[in-house]
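File shown: protein.txt. Contents: compact mmCIF, C-alpha atoms.
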```txt
# COMPACT_ATOMS: atom_id res chain seq x y z
CA MET D 151 3.32 -7.82 126.83
CA TRP D 152 0.00 -6.69 125.42
CA CYS D 153 -2.92 -5.83 127.65
CA TYR D 154 -6.63 -5.92 127.08
CA ARG D 155 -9.57 -5.28 129.36
CA GLY D 156 -10.06 -8.22 131.65
CA GLY D 157 -6.58 -9.74 131.49
CA SER D 158 -3.22 -9.81 129.77
CA ILE D 159 -1.74 -11.53 126.79
CA SER D 160 1.95 -12.36 126.82
CA ALA D 161 4.16 -14.28 124.44
CA GLU D 162 6.17 -15.51 127.43
CA PRO D 163 5.21 -16.28 131.05
CA ARG D 164 5.70 -13.58 133.66
CA ILE D 165 8.72 -14.09 135.88
CA ASN D 166 10.03 -12.63 139.15
CA ASP D 167 9.07 -8.95 139.65
CA ARG D 168 6.79 -9.01 136.59
CA ILE D 169 4.34 -11.11 138.60
CA ARG D 170 1.84 -8.73 140.19
CA VAL D 171 -0.52 -10.69 142.46
CA PRO D 172 -0.84 -10.81 146.26
CA GLU D 173 -0.22 -14.56 146.54
CA VAL D 174 0.64 -17.58 144.42
CA ARG D 175 0.32 -21.34 144.55
CA LEU D 176 3.99 -22.29 144.67
CA VAL D 177 5.64 -25.37 143.15
CA GLY D 178 9.19 -26.16 144.24
CA PRO D 179 12.22 -26.84 142.03
CA SER D 180 11.59 -30.62 142.05
CA GLY D 181 7.87 -30.31 141.41
CA GLU D 182 6.86 -30.51 145.05
CA GLN D 183 3.74 -28.62 146.12
CA VAL D 184 4.69 -25.85 148.57
CA GLY D 185 1.16 -24.42 148.78
CA ILE D 186 -0.33 -20.93 148.67
CA VAL D 187 2.18 -18.32 149.83
CA PRO D 188 2.46 -14.52 149.61
CA LEU D 189 4.23 -13.30 146.49
CA ALA D 190 6.98 -11.72 148.64
CA LYS D 191 7.68 -15.09 150.26
CA ALA D 192 7.83 -16.83 146.86
CA LEU D 193 10.30 -14.25 145.56
CA GLU D 194 12.37 -14.65 148.72
CA LEU D 195 12.54 -18.42 148.20
CA ALA D 196 13.54 -17.89 144.57
CA GLN D 197 16.48 -15.77 145.72
CA GLU D 198 17.49 -18.37 148.29
CA TYR D 199 17.53 -21.13 145.66
CA ASP D 200 19.17 -18.79 143.10
CA LEU D 201 16.28 -19.54 140.75
CA ASP D 202 13.50 -17.67 138.98
CA LEU D 203 9.86 -17.50 140.00
CA VAL D 204 7.93 -18.39 136.84
CA GLU D 205 4.16 -18.08 136.40
CA VAL D 206 3.11 -21.37 134.79
CA ALA D 207 -0.68 -21.10 135.11
CA ALA D 208 -1.75 -17.46 134.99
CA ASN D 209 -5.49 -18.19 134.86
CA ALA D 210 -5.54 -20.24 138.06
CA ARG D 211 -6.77 -18.59 141.26
CA PRO D 212 -4.29 -17.91 142.70
CA PRO D 213 -1.83 -18.21 139.77
CA VAL D 214 0.52 -21.19 139.88
CA CYS D 215 4.22 -20.31 139.96
CA LYS D 216 7.25 -22.57 139.91
CA LEU D 217 10.84 -22.13 141.03
CA MET D 218 13.14 -22.90 138.12
CA ASP D 219 16.16 -21.79 136.08
CA TYR D 220 14.17 -19.93 133.43
CA GLY D 221 17.12 -19.54 131.05
CA LYS D 222 17.77 -23.28 131.12
CA PHE D 223 14.05 -23.97 130.77
CA LYS D 224 13.79 -21.76 127.66
CA TYR D 225 16.84 -23.41 126.09
CA GLU D 226 15.55 -26.94 126.71
CA SER D 227 12.09 -25.99 125.40
CA ALA D 228 13.62 -24.56 122.23
CA MET D 229 15.68 -27.72 121.69
CA LYS D 230 12.62 -29.94 122.18
CA ALA D 231 10.62 -27.84 119.71
CA ARG D 232 13.47 -28.02 117.20
CA GLU D 233 13.71 -31.80 117.57
CA ALA D 234 9.93 -32.11 117.17
CA ARG D 235 10.05 -30.10 113.93
CA LYS D 236 12.96 -32.21 112.71
CA ASN D 237 11.07 -35.45 113.33
CA GLN D 238 7.78 -34.12 112.04
CA ALA D 239 6.80 -35.91 108.88
CA HIS D 240 4.11 -34.88 106.45
CA THR D 241 2.24 -37.54 104.53
CA VAL D 242 2.89 -37.16 100.83
CA ILE D 243 0.43 -38.16 98.11
CA LYS D 244 2.18 -40.07 95.33
CA GLU D 245 0.45 -40.76 92.03
CA MET D 246 0.48 -43.88 89.89
CA LYS D 247 -1.21 -44.02 86.46
CA LEU D 248 -2.39 -47.24 84.83
CA ARG D 249 -4.26 -48.23 81.67
CA PRO D 250 -7.32 -50.48 82.04
CA LYS D 251 -5.75 -53.14 79.76
CA ILE D 252 -2.27 -53.01 81.30
CA ASP D 253 -0.05 -56.02 80.57
CA PRO D 254 1.09 -58.25 83.48
CA HIS D 255 4.72 -57.08 83.49
CA ASP D 256 3.76 -53.39 83.61
CA TYR D 257 1.22 -54.15 86.31
CA ASP D 258 3.83 -55.82 88.50
CA THR D 259 6.17 -52.86 87.99
CA LYS D 260 3.48 -50.33 88.91
CA LYS D 261 2.40 -52.42 91.90
CA GLY D 262 6.02 -52.49 93.08
CA HIS D 263 6.06 -48.68 93.11
CA VAL D 264 2.80 -48.59 95.07
CA VAL D 265 4.22 -51.05 97.60
CA ARG D 266 7.31 -48.87 98.05
CA PHE D 267 5.23 -45.71 98.53
CA LEU D 268 2.99 -47.35 101.14
CA LYS D 269 6.00 -48.75 103.01
CA GLN D 270 7.34 -45.20 103.17
CA GLY D 271 4.10 -44.10 104.83
CA ASP D 272 2.82 -42.15 101.81
CA LYS D 273 -0.64 -42.11 100.33
CA VAL D 274 -1.02 -43.21 96.71
CA LYS D 275 -3.48 -41.79 94.21
CA ILE D 276 -4.18 -44.45 91.59
CA THR D 277 -5.47 -43.13 88.26
CA ILE D 278 -6.89 -45.38 85.56
CA MET D 279 -6.73 -43.58 82.20
CA PHE D 280 -9.40 -44.50 79.65
CA ARG D 281 -8.98 -43.81 75.95
CA GLY D 282 -11.48 -43.94 73.11
CA ARG D 283 -13.91 -46.81 73.37
CA GLU D 284 -12.43 -47.87 76.71
CA GLN D 285 -14.59 -45.16 78.27
CA SER D 286 -17.63 -47.34 77.71
CA ARG D 287 -16.08 -50.07 79.90
CA PRO D 288 -15.60 -48.44 83.33
CA GLU D 289 -15.90 -51.87 84.96
CA LEU D 290 -12.41 -52.68 83.60
CA GLY D 291 -10.91 -49.84 85.60
CA PHE D 292 -12.95 -50.67 88.68
CA ARG D 293 -11.84 -54.32 88.66
CA LEU D 294 -8.20 -53.27 88.19
CA LEU D 295 -8.36 -50.91 91.15
CA GLN D 296 -9.99 -53.56 93.31
CA ARG D 297 -7.29 -56.05 92.29
CA LEU D 298 -4.50 -53.61 93.17
CA ALA D 299 -6.07 -52.78 96.52
CA ALA D 300 -6.31 -56.48 97.34
CA ASP D 301 -2.68 -57.08 96.32
CA VAL D 302 -1.39 -54.42 98.74
CA GLU D 303 -3.97 -54.77 101.54
CA ASP D 304 -1.26 -55.75 104.05
CA LEU D 305 0.38 -52.35 103.51
CA GLY D 306 -2.52 -50.01 102.76
CA PHE D 307 -6.27 -49.54 102.69
CA ILE D 308 -8.77 -47.85 100.39
CA GLU D 309 -9.06 -44.32 101.75
CA SER D 310 -11.11 -43.01 98.83
CA ASN D 311 -13.25 -45.45 96.84
CA PRO D 312 -12.93 -45.60 93.03
CA LYS D 313 -14.82 -42.79 91.32
CA GLN D 314 -15.09 -41.53 87.78
CA ASP D 315 -13.41 -38.20 87.02
CA GLY D 316 -13.93 -37.33 83.36
CA ARG D 317 -11.95 -39.83 81.31
CA ASN D 318 -10.20 -41.18 84.40
CA MET D 319 -11.11 -43.31 87.38
CA ILE D 320 -9.40 -42.45 90.67
CA MET D 321 -8.82 -44.28 93.93
CA VAL D 322 -6.68 -43.25 96.91
CA LEU D 323 -4.81 -45.78 99.05
CA GLY D 324 -3.69 -44.86 102.56
CA PRO D 325 -0.77 -46.52 104.37
CA HIS D 326 -1.35 -48.59 107.50
CA LYS D 327 1.88 -47.18 108.96
CA LYS D 328 2.30 -43.56 109.90
CA LYS D 329 5.01 -41.59 108.15
CA THR D 330 7.01 -41.23 111.37
CA GLU D 331 6.93 -45.00 111.96
CA ALA D 332 8.09 -45.68 108.40
CA MET D 333 10.95 -43.18 108.77
CA ALA D 334 12.02 -44.72 112.09
CA GLU D 335 12.06 -48.21 110.57
CA ALA D 336 14.06 -46.97 107.60
CA ARG D 337 16.65 -45.43 109.93
CA GLU D 338 16.88 -48.66 111.94
CA ALA D 339 17.32 -50.73 108.78
CA GLN D 340 20.03 -48.37 107.54
CA ALA D 341 21.87 -48.62 110.86
CA ALA D 342 21.60 -52.43 110.78
CA ARG D 343 23.02 -52.56 107.24
CA LYS D 344 25.89 -50.29 108.26
CA ALA D 345 26.70 -52.47 111.27
CA GLU D 346 26.55 -55.58 109.09
CA ARG D 347 28.96 -54.06 106.56
CA GLN D 348 31.37 -53.08 109.32
CA GLY D 349 31.18 -56.59 110.78
CA SER D 350 31.92 -58.15 107.39
CA GLN D 351 34.93 -55.90 106.90
CA GLU D 352 36.27 -56.82 110.35
CA ASP D 353 35.76 -60.54 109.63
CA ARG D 354 37.65 -60.29 106.35
CA ALA D 355 40.48 -58.42 108.05
CA ALA D 356 40.70 -61.03 110.80
CA SER D 357 40.70 -63.95 108.35
CA ALA D 358 43.32 -62.44 106.02
CA PRO D 359 46.55 -64.56 105.99
CA ALA D 360 49.44 -63.10 107.95
CA ASP D 361 52.64 -62.10 106.14
CA THR D 362 55.07 -64.95 106.98
CA SER D 363 57.85 -63.88 104.66
CA SER D 364 61.23 -63.36 106.31
CA GLU D 365 64.09 -61.15 105.33
CA ALA D 366 66.91 -62.76 103.40
```
Please lay out the structure from this file as structure tokens.
Amino acid sequence: MWCYRGGSISAEPRINDRIRVPEVRLVGPSGEQVGIVPLAKALELAQEYDLDLVEVAANARPPVCKLMDYGKFKYESAMKAREARKNQAHTVIKEMKLRPKIDPHDYDTKKGHVVRFLKQGDKVKITIMFRGREQSRPELGFRLLQRLAADVEDLGFIESNPKQDGRNMIMVLGPHKKKTEAMAEAREAQAARKAERQGSQEDRAASAPADTSSEA
């Protein structure tokens, strides 16, 4: 614990005999409000319940303390934090490069990649690359970006409008779905496919002809 004038800073809450106040507002093991009691009484109740007295709101007047199994509480908190970090998903920015006079087949291929990225919950930076005399026709790039945005509008939206950047024109598409939602859907789809495969295998096994051969 580190102290400074006017209060204390602690990485963890104060518990049991580390609590140094005349009285506390006590919360019972099940969350029930016991009320304001002397610290000695709160510590006595903690011993009776075989629990810890934990200061959960140090800045309150008087401080709020709760009766709990502090070791169990710390373990459960650590597990929740670990699970939260595991499920935390960061939006990734993918990049797709196109030419202003792209042929239809290449366009469909590139659009397919953009669709996949947006379904995964990722942003997509679309770059139109101009060469030579194409630089004098920026409207070609602008129309292409507008066309692409319209083709994928059910999956994403224009987060950053088309703008010229040297020889390139750039637009950023954002996904309608959050990354966490996309990951959850992907896990559900994977589980469904696995269950379907297992069901098909069981059906084939059940429909296989029985061995009716007899010994000579």
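Atom to atom, CA of Ala234 in chain D and CA of Val206 in chain D stand 21.7 Å apart.
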Quiz item: Mind listing as a ChimeraX atom specification all residues within 10 Å of (12.1, -17.8, 145.4), counting only C-alpha atoms?
Solution: /D:166,176,178-179,189-204,215-218
Self-check item: Distance of CA of Tyr220 in chain D from CA of Arg164 in chain D, expressed in Å to one decimal place
Solution: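 Between CA of Arg164 in chain D and CA of Tyr220 in chain D the gap is 10.6 Å.
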Quiz item: Which residues, written as a list in words, have at least one atom at most 7 Å from range 291-308 of chain D, with all atoms listed in the file counted and residues fewer than 2 positions away on the same chain left out?
Solution: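 Here the qualifying residues turn out to be Pro250, Val265, Leu268, Lys269, Ile278, Pro288, Glu289, Ser310, Asn311, Pro312, Met319, Val322, Leu323, Gly324, Pro325 and His326 of chain D.
Rounded to one decimal, CA of Val184 in chain D and CA of Lys222 in chain D lie 22.0 Å from each other.
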